[in-house]
Structures are given as C-alpha cells and as structure tokens.
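Shown next: data34.cif, containing mmCIF, N, CA and C atoms; chains and numbers go by the auth columns.
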data_query
#
loop_
_atom_site.group_PDB
_atom_site.id
_atom_site.type_symbol
_atom_site.label_atom_id
_atom_site.label_comp_id
_atom_site.label_asym_id
_atom_site.label_seq_id
_atom_site.Cartn_x
_atom_site.Cartn_y
_atom_site.Cartn_z
_atom_site.B_iso_or_equiv
_atom_site.auth_seq_id
_atom_site.auth_asym_id
ATOM 1 N N MET A 1 24.122 5.279 -13.886 0.00 1 A
ATOM 2 C CA MET A 1 23.272 6.432 -13.652 0.00 1 A
ATOM 3 C C MET A 1 21.803 6.029 -13.685 0.00 1 A
ATOM 4 N N THR A 2 21.485 5.111 -14.583 0.00 2 A
ATOM 5 C CA THR A 2 20.095 4.685 -14.704 0.00 2 A
ATOM 6 C C THR A 2 19.610 4.005 -13.436 0.00 2 A
ATOM 7 N N SER A 3 20.461 3.145 -12.850 0.00 3 A
ATOM 8 C CA SER A 3 20.023 2.448 -11.643 0.00 3 A
ATOM 9 C C SER A 3 19.789 3.429 -10.497 0.00 3 A
ATOM 10 N N SER A 4 20.603 4.465 -10.413 0.00 4 A
ATOM 11 C CA SER A 4 20.406 5.488 -9.384 0.00 4 A
ATOM 12 C C SER A 4 19.085 6.215 -9.603 0.00 4 A
ATOM 13 N N ARG A 5 18.796 6.524 -10.846 0.00 5 A
ATOM 14 C CA ARG A 5 17.537 7.210 -11.172 0.00 5 A
ATOM 15 C C ARG A 5 16.345 6.315 -10.841 0.00 5 A
ATOM 16 N N ASN A 6 16.449 5.038 -11.205 0.00 6 A
ATOM 17 C CA ASN A 6 15.369 4.101 -10.894 0.00 6 A
ATOM 18 C C ASN A 6 15.174 3.972 -9.386 0.00 6 A
ATOM 19 N N HIS A 7 16.269 3.962 -8.659 0.00 7 A
ATOM 20 C CA HIS A 7 16.179 3.868 -7.202 0.00 7 A
ATOM 21 C C HIS A 7 15.486 5.103 -6.632 0.00 7 A
ATOM 22 N N GLN A 8 15.833 6.270 -7.156 0.00 8 A
ATOM 23 C CA GLN A 8 15.204 7.501 -6.688 0.00 8 A
ATOM 24 C C GLN A 8 13.712 7.505 -7.000 0.00 8 A
ATOM 25 N N GLU A 9 13.343 7.024 -8.190 0.00 9 A
ATOM 26 C CA GLU A 9 11.926 6.964 -8.561 0.00 9 A
ATOM 27 C C GLU A 9 11.178 5.991 -7.659 0.00 9 A
ATOM 28 N N ALA A 10 11.783 4.852 -7.387 0.00 10 A
ATOM 29 C CA ALA A 10 11.141 3.864 -6.515 0.00 10 A
ATOM 30 C C ALA A 10 10.970 4.434 -5.111 0.00 10 A
ATOM 31 N N HIS A 11 11.968 5.148 -4.639 0.00 11 A
ATOM 32 C CA HIS A 11 11.869 5.765 -3.311 0.00 11 A
ATOM 33 C C HIS A 11 10.750 6.798 -3.284 0.00 11 A
ATOM 34 N N GLY A 12 10.637 7.576 -4.357 0.00 12 A
ATOM 35 C CA GLY A 12 9.572 8.579 -4.447 0.00 12 A
ATOM 36 C C GLY A 12 8.203 7.936 -4.454 0.00 12 A
ATOM 37 N N ILE A 13 8.079 6.815 -5.147 0.00 13 A
ATOM 38 C CA ILE A 13 6.799 6.088 -5.172 0.00 13 A
ATOM 39 C C ILE A 13 6.451 5.599 -3.780 0.00 13 A
ATOM 40 N N GLY A 14 7.439 5.090 -3.062 0.00 14 A
ATOM 41 C CA GLY A 14 7.206 4.628 -1.689 0.00 14 A
ATOM 42 C C GLY A 14 6.741 5.754 -0.784 0.00 14 A
ATOM 43 N N GLN A 15 7.343 6.923 -0.956 0.00 15 A
ATOM 44 C CA GLN A 15 6.942 8.078 -0.156 0.00 15 A
ATOM 45 C C GLN A 15 5.510 8.491 -0.491 0.00 15 A
ATOM 46 N N THR A 16 5.167 8.456 -1.772 0.00 16 A
ATOM 47 C CA THR A 16 3.814 8.815 -2.195 0.00 16 A
ATOM 48 C C THR A 16 2.802 7.846 -1.615 0.00 16 A
ATOM 49 N N GLU A 17 3.113 6.551 -1.658 0.00 17 A
ATOM 50 C CA GLU A 17 2.204 5.548 -1.096 0.00 17 A
ATOM 51 C C GLU A 17 2.010 5.764 0.399 0.00 17 A
ATOM 52 N N GLU A 18 3.097 6.072 1.095 0.00 18 A
ATOM 53 C CA GLU A 18 3.011 6.313 2.534 0.00 18 A
ATOM 54 C C GLU A 18 2.152 7.542 2.829 0.00 18 A
ATOM 55 N N GLN A 19 2.336 8.597 2.050 0.00 19 A
ATOM 56 C CA GLN A 19 1.564 9.820 2.249 0.00 19 A
ATOM 57 C C GLN A 19 0.077 9.567 2.003 0.00 19 A
ATOM 58 N N LEU A 20 -0.248 8.831 0.928 0.00 20 A
ATOM 59 C CA LEU A 20 -1.648 8.518 0.639 0.00 20 A
ATOM 60 C C LEU A 20 -2.258 7.668 1.736 0.00 20 A
ATOM 61 N N ASN A 21 -1.494 6.733 2.256 0.00 21 A
ATOM 62 C CA ASN A 21 -1.987 5.902 3.342 0.00 21 A
ATOM 63 C C ASN A 21 -2.252 6.742 4.592 0.00 21 A
ATOM 64 N N ASN A 22 -1.343 7.671 4.886 0.00 22 A
ATOM 65 C CA ASN A 22 -1.538 8.554 6.041 0.00 22 A
ATOM 66 C C ASN A 22 -2.785 9.412 5.872 0.00 22 A
ATOM 67 N N GLN A 23 -3.008 9.914 4.654 0.00 23 A
ATOM 68 C CA GLN A 23 -4.193 10.729 4.395 0.00 23 A
ATOM 69 C C GLN A 23 -5.461 9.894 4.550 0.00 23 A
ATOM 70 N N ALA A 24 -5.429 8.670 4.069 0.00 24 A
ATOM 71 C CA ALA A 24 -6.601 7.795 4.190 0.00 24 A
ATOM 72 C C ALA A 24 -6.897 7.491 5.653 0.00 24 A
ATOM 73 N N GLU A 25 -5.857 7.250 6.434 0.00 25 A
ATOM 74 C CA GLU A 25 -6.057 6.986 7.858 0.00 25 A
ATOM 75 C C GLU A 25 -6.616 8.213 8.574 0.00 25 A
ATOM 76 N N ALA A 26 -6.118 9.397 8.232 0.00 26 A
ATOM 77 C CA ALA A 26 -6.616 10.623 8.850 0.00 26 A
ATOM 78 C C ALA A 26 -8.082 10.840 8.495 0.00 26 A
ATOM 79 N N ALA A 27 -8.446 10.625 7.238 0.00 27 A
ATOM 80 C CA ALA A 27 -9.840 10.782 6.819 0.00 27 A
ATOM 81 C C ALA A 27 -10.729 9.786 7.548 0.00 27 A
ATOM 82 N N ASP A 28 -10.227 8.584 7.731 0.00 28 A
ATOM 83 C CA ASP A 28 -10.987 7.554 8.443 0.00 28 A
ATOM 84 C C ASP A 28 -11.229 7.970 9.894 0.00 28 A
ATOM 85 N N GLN A 29 -10.218 8.540 10.519 0.00 29 A
ATOM 86 C CA GLN A 29 -10.368 8.977 11.906 0.00 29 A
ATOM 87 C C GLN A 29 -11.342 10.144 12.027 0.00 29 A
ATOM 88 N N ILE A 30 -11.305 11.046 11.062 0.00 30 A
ATOM 89 C CA ILE A 30 -12.164 12.226 11.105 0.00 30 A
ATOM 90 C C ILE A 30 -13.602 11.886 10.743 0.00 30 A
ATOM 91 N N GLN A 31 -13.774 11.152 9.638 0.00 31 A
ATOM 92 C CA GLN A 31 -15.102 10.895 9.094 0.00 31 A
ATOM 93 C C GLN A 31 -15.686 9.557 9.526 0.00 31 A
ATOM 94 N N GLY A 32 -14.838 8.674 9.966 0.00 32 A
ATOM 95 C CA GLY A 32 -15.290 7.309 10.216 0.00 32 A
ATOM 96 C C GLY A 32 -15.281 6.566 8.888 0.00 32 A
ATOM 97 N N GLY A 33 -14.810 5.352 8.926 0.00 33 A
ATOM 98 C CA GLY A 33 -14.668 4.604 7.684 0.00 33 A
ATOM 99 C C GLY A 33 -15.885 3.763 7.378 0.00 33 A
ATOM 100 N N SER A 34 -16.016 3.450 6.115 0.00 34 A
ATOM 101 C CA SER A 34 -17.092 2.563 5.706 0.00 34 A
ATOM 102 C C SER A 34 -16.612 1.117 5.793 0.00 34 A
ATOM 103 N N LYS A 35 -17.539 0.211 5.708 0.00 35 A
ATOM 104 C CA LYS A 35 -17.186 -1.206 5.735 0.00 35 A
ATOM 105 C C LYS A 35 -16.268 -1.538 4.568 0.00 35 A
ATOM 106 N N LEU A 36 -16.565 -0.989 3.399 0.00 36 A
ATOM 107 C CA LEU A 36 -15.731 -1.237 2.225 0.00 36 A
ATOM 108 C C LEU A 36 -14.313 -0.723 2.445 0.00 36 A
ATOM 109 N N ASP A 37 -14.177 0.466 3.042 0.00 37 A
ATOM 110 C CA ASP A 37 -12.848 1.005 3.334 0.00 37 A
ATOM 111 C C ASP A 37 -12.060 0.050 4.225 0.00 37 A
ATOM 112 N N ARG A 38 -12.709 -0.464 5.248 0.00 38 A
ATOM 113 C CA ARG A 38 -12.031 -1.393 6.162 0.00 38 A
ATOM 114 C C ARG A 38 -11.626 -2.670 5.443 0.00 38 A
ATOM 115 N N GLU A 39 -12.485 -3.173 4.570 0.00 39 A
ATOM 116 C CA GLU A 39 -12.170 -4.395 3.833 0.00 39 A
ATOM 117 C C GLU A 39 -10.999 -4.173 2.875 0.00 39 A
ATOM 118 N N VAL A 40 -10.991 -3.023 2.196 0.00 40 A
ATOM 119 C CA VAL A 40 -9.896 -2.713 1.275 0.00 40 A
ATOM 120 C C VAL A 40 -8.596 -2.584 2.042 0.00 40 A
ATOM 121 N N ARG A 41 -8.616 -1.868 3.158 0.00 41 A
ATOM 122 C CA ARG A 41 -7.407 -1.693 3.964 0.00 41 A
ATOM 123 C C ARG A 41 -6.905 -3.025 4.487 0.00 41 A
ATOM 124 N N SER A 42 -7.819 -3.861 4.924 0.00 42 A
ATOM 125 C CA SER A 42 -7.432 -5.176 5.417 0.00 42 A
ATOM 126 C C SER A 42 -6.786 -6.002 4.315 0.00 42 A
ATOM 127 N N ALA A 43 -7.380 -5.989 3.137 0.00 43 A
ATOM 128 C CA ALA A 43 -6.831 -6.746 2.010 0.00 43 A
ATOM 129 C C ALA A 43 -5.466 -6.194 1.595 0.00 43 A
ATOM 130 N N ALA A 44 -5.322 -4.879 1.623 0.00 44 A
ATOM 131 C CA ALA A 44 -4.057 -4.258 1.218 0.00 44 A
ATOM 132 C C ALA A 44 -2.942 -4.564 2.200 0.00 44 A
ATOM 133 N N ASN A 45 -3.289 -4.787 3.448 0.00 45 A
ATOM 134 C CA ASN A 45 -2.275 -5.018 4.475 0.00 45 A
ATOM 135 C C ASN A 45 -1.985 -6.493 4.717 0.00 45 A
ATOM 136 N N LYS A 46 -2.634 -7.368 3.970 0.00 46 A
ATOM 137 C CA LYS A 46 -2.358 -8.790 4.118 0.00 46 A
ATOM 138 C C LYS A 46 -0.922 -9.067 3.694 0.00 46 A
ATOM 139 N N ASN A 47 -0.255 -9.865 4.485 0.00 47 A
ATOM 140 C CA ASN A 47 1.120 -10.210 4.145 0.00 47 A
ATOM 141 C C ASN A 47 1.174 -11.299 3.087 0.00 47 A
ATOM 142 N N ARG A 48 0.248 -12.216 3.122 0.00 48 A
ATOM 143 C CA ARG A 48 0.248 -13.334 2.180 0.00 48 A
ATOM 144 C C ARG A 48 -1.048 -13.278 1.394 0.00 48 A
ATOM 145 N N THR A 49 -0.919 -13.226 0.093 0.00 49 A
ATOM 146 C CA THR A 49 -2.085 -13.132 -0.771 0.00 49 A
ATOM 147 C C THR A 49 -2.308 -14.450 -1.497 0.00 49 A
ATOM 148 N N GLU A 50 -3.401 -14.527 -2.218 0.00 50 A
ATOM 149 C CA GLU A 50 -3.676 -15.718 -3.008 0.00 50 A
ATOM 150 C C GLU A 50 -2.584 -15.930 -4.048 0.00 50 A
ATOM 151 N N LEU A 51 -2.082 -14.847 -4.619 0.00 51 A
ATOM 152 C CA LEU A 51 -1.022 -14.958 -5.608 0.00 51 A
ATOM 153 C C LEU A 51 0.242 -15.534 -4.976 0.00 51 A
ATOM 154 N N ASP A 52 0.558 -15.097 -3.753 0.00 52 A
ATOM 155 C CA ASP A 52 1.714 -15.660 -3.046 0.00 52 A
ATOM 156 C C ASP A 52 1.544 -17.157 -2.870 0.00 52 A
ATOM 157 N N GLU A 53 0.347 -17.593 -2.538 0.00 53 A
ATOM 158 C CA GLU A 53 0.112 -19.014 -2.326 0.00 53 A
ATOM 159 C C GLU A 53 0.314 -19.795 -3.625 0.00 53 A
ATOM 160 N N ILE A 54 -0.109 -19.223 -4.740 0.00 54 A
ATOM 161 C CA ILE A 54 0.072 -19.889 -6.037 0.00 54 A
ATOM 162 C C ILE A 54 1.561 -19.984 -6.375 0.00 54 A
ATOM 163 N N ILE A 55 2.280 -18.894 -6.169 0.00 55 A
ATOM 164 C CA ILE A 55 3.706 -18.856 -6.501 0.00 55 A
ATOM 165 C C ILE A 55 4.509 -19.773 -5.588 0.00 55 A
ATOM 166 N N MET A 56 4.209 -19.751 -4.301 0.00 56 A
ATOM 167 C CA MET A 56 4.990 -20.497 -3.328 0.00 56 A
ATOM 168 C C MET A 56 4.695 -21.993 -3.316 0.00 56 A
ATOM 169 N N ASP A 57 3.494 -22.351 -3.679 0.00 57 A
ATOM 170 C CA ASP A 57 3.120 -23.770 -3.610 0.00 57 A
ATOM 171 C C ASP A 57 3.498 -24.527 -4.850 0.00 57 A
#
Could you write out this file's structure as structure tokens?
Amino acid sequence: MTSSRNHQEAHGIGQTEEQLNNQAEAADQIQGGSKLDREVRSAANKNRTELDEIIMD
C-alpha cells in the first residue's frame, strides 16, 4: 500500500511541476521573459549537468 501511495504522490508532484512550467511559459509569452528567466529555464532543461559529469566520470 505504501508503494502505491508513494507512486501517487510522485505522480502528483510531476503534474504540479508540469502545471508550474506551463504557467511560467504562458507568463513569458504574455509579458516577455527576462534574461535571468531564460538562463534559469535553459539550466533547468539541460539534460546533462555538472553533477551528472561528476557521477558518470
């Protein structure tokens, strides 16, 4: 039962993250984004991070 509950919570977190991302994109389209917003979004969408390089190497 616990694993099912954890799975449901993880799924809910994923949905929340997706919703927040959609809201941020909509605000960016309406208001225009700042340079910092673009840099944060770019960093968040990187597939390979510095931590990945440390772990993998």
- [ ] Calculate how many Å separate atom C of A:Ser34 from atom N of A:Ile54, rounding to one decimal.
- [x]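 It comes out at 28.2 Å.
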Open item on the list: One number please: atom CA of A:Gly32 to atom CA of A:Leu20, in Å, one decimal.
Closed with: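 For atom CA of A:Gly32 relative to atom CA of A:Leu20, the distance reads 16.7 Å.
We find atom N of A:Gly14 and atom C of A:Gln31 to be spaced 26.7 Å apart.
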Quick one: axis-aligned box around all listed atoms of stretch 10-21 of chain A, 3 Å on every side, centre and edge lengths in Å to one decimal, written as lines of an AutoDock Vina configuration file.
center_x = 4.9
center_y = 6.8
center_z = -1.4
size_x = 20.2
size_y = 12.0
size_z = 18.0
Open item on the list: Residues near stretch 35-41 of chain A, anyone? I mean within 10 Å using only C-alpha atoms, not counting same-chain ones fewer than 3 positions away, as a PyMOL selection string.
Closed with: chain A and resi 21+24-25+28+32+44-46
Please reconstruct the missing atoms of stretch 22-33 of chain A (target: all heavy atoms) and return them as a short mmCIF file (atom, residue, chain, number, x, y, z; two decimals), in the frame of the given file.
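Writing done, so here's rebuild-v8.cif:
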data_model
loop_
_atom_site.label_atom_id
_atom_site.label_comp_id
_atom_site.auth_asym_id
_atom_site.auth_seq_id
_atom_site.Cartn_x
_atom_site.Cartn_y
_atom_site.Cartn_z
N ASN A 22 -1.34 7.67 4.89
CA ASN A 22 -1.54 8.55 6.04
C ASN A 22 -2.78 9.41 5.87
O ASN A 22 -3.54 9.62 6.82
CB ASN A 22 -0.31 9.44 6.25
CG ASN A 22 0.89 8.67 6.75
OD1 ASN A 22 0.76 7.56 7.26
ND2 ASN A 22 2.06 9.24 6.58
N GLN A 23 -3.01 9.91 4.65
CA GLN A 23 -4.19 10.73 4.39
C GLN A 23 -5.46 9.89 4.55
O GLN A 23 -6.46 10.37 5.10
CB GLN A 23 -4.12 11.33 2.99
CG GLN A 23 -3.08 12.41 2.85
CD GLN A 23 -2.93 12.89 1.42
OE1 GLN A 23 -3.46 12.32 0.49
NE2 GLN A 23 -2.18 13.97 1.25
N ALA A 24 -5.43 8.67 4.07
CA ALA A 24 -6.60 7.80 4.19
C ALA A 24 -6.90 7.49 5.65
O ALA A 24 -8.06 7.49 6.07
CB ALA A 24 -6.37 6.50 3.41
N GLU A 25 -5.86 7.25 6.43
CA GLU A 25 -6.06 6.99 7.86
C GLU A 25 -6.62 8.21 8.57
O GLU A 25 -7.49 8.09 9.43
CB GLU A 25 -4.74 6.54 8.50
CG GLU A 25 -4.32 5.14 8.10
CD GLU A 25 -2.99 4.73 8.71
OE1 GLU A 25 -2.45 5.50 9.54
OE2 GLU A 25 -2.50 3.66 8.35
N ALA A 26 -6.12 9.40 8.23
CA ALA A 26 -6.62 10.62 8.85
C ALA A 26 -8.08 10.84 8.49
O ALA A 26 -8.90 11.18 9.37
CB ALA A 26 -5.78 11.82 8.40
N ALA A 27 -8.45 10.62 7.24
CA ALA A 27 -9.84 10.78 6.82
C ALA A 27 -10.73 9.79 7.55
O ALA A 27 -11.84 10.12 7.97
CB ALA A 27 -9.97 10.59 5.31
N ASP A 28 -10.23 8.58 7.73
CA ASP A 28 -10.99 7.55 8.44
C ASP A 28 -11.23 7.97 9.89
O ASP A 28 -12.33 7.81 10.42
CB ASP A 28 -10.23 6.23 8.38
CG ASP A 28 -10.99 5.09 9.01
OD1 ASP A 28 -12.18 4.90 8.67
OD2 ASP A 28 -10.41 4.37 9.84
N GLN A 29 -10.22 8.54 10.52
CA GLN A 29 -10.37 8.98 11.91
C GLN A 29 -11.34 10.14 12.03
O GLN A 29 -12.11 10.23 12.98
CB GLN A 29 -9.01 9.37 12.49
CG GLN A 29 -8.09 8.20 12.70
CD GLN A 29 -6.71 8.64 13.17
OE1 GLN A 29 -6.43 9.83 13.31
NE2 GLN A 29 -5.84 7.67 13.40
N ILE A 30 -11.30 11.05 11.06
CA ILE A 30 -12.16 12.23 11.10
C ILE A 30 -13.60 11.89 10.74
O ILE A 30 -14.54 12.26 11.43
CB ILE A 30 -11.63 13.33 10.16
CG1 ILE A 30 -10.28 13.84 10.68
CG2 ILE A 30 -12.62 14.47 10.02
CD1 ILE A 30 -9.53 14.70 9.68
N GLN A 31 -13.77 11.15 9.64
CA GLN A 31 -15.10 10.90 9.09
C GLN A 31 -15.69 9.56 9.53
O GLN A 31 -16.88 9.35 9.43
CB GLN A 31 -15.05 10.92 7.56
CG GLN A 31 -14.60 12.24 7.00
CD GLN A 31 -14.36 12.16 5.49
OE1 GLN A 31 -14.32 11.09 4.92
NE2 GLN A 31 -14.20 13.31 4.87
N GLY A 32 -14.84 8.67 9.97
CA GLY A 32 -15.29 7.31 10.22
C GLY A 32 -15.28 6.57 8.89
O GLY A 32 -15.64 7.11 7.86
N GLY A 33 -14.81 5.35 8.93
CA GLY A 33 -14.67 4.60 7.68
C GLY A 33 -15.88 3.76 7.38
O GLY A 33 -16.67 3.41 8.26
#
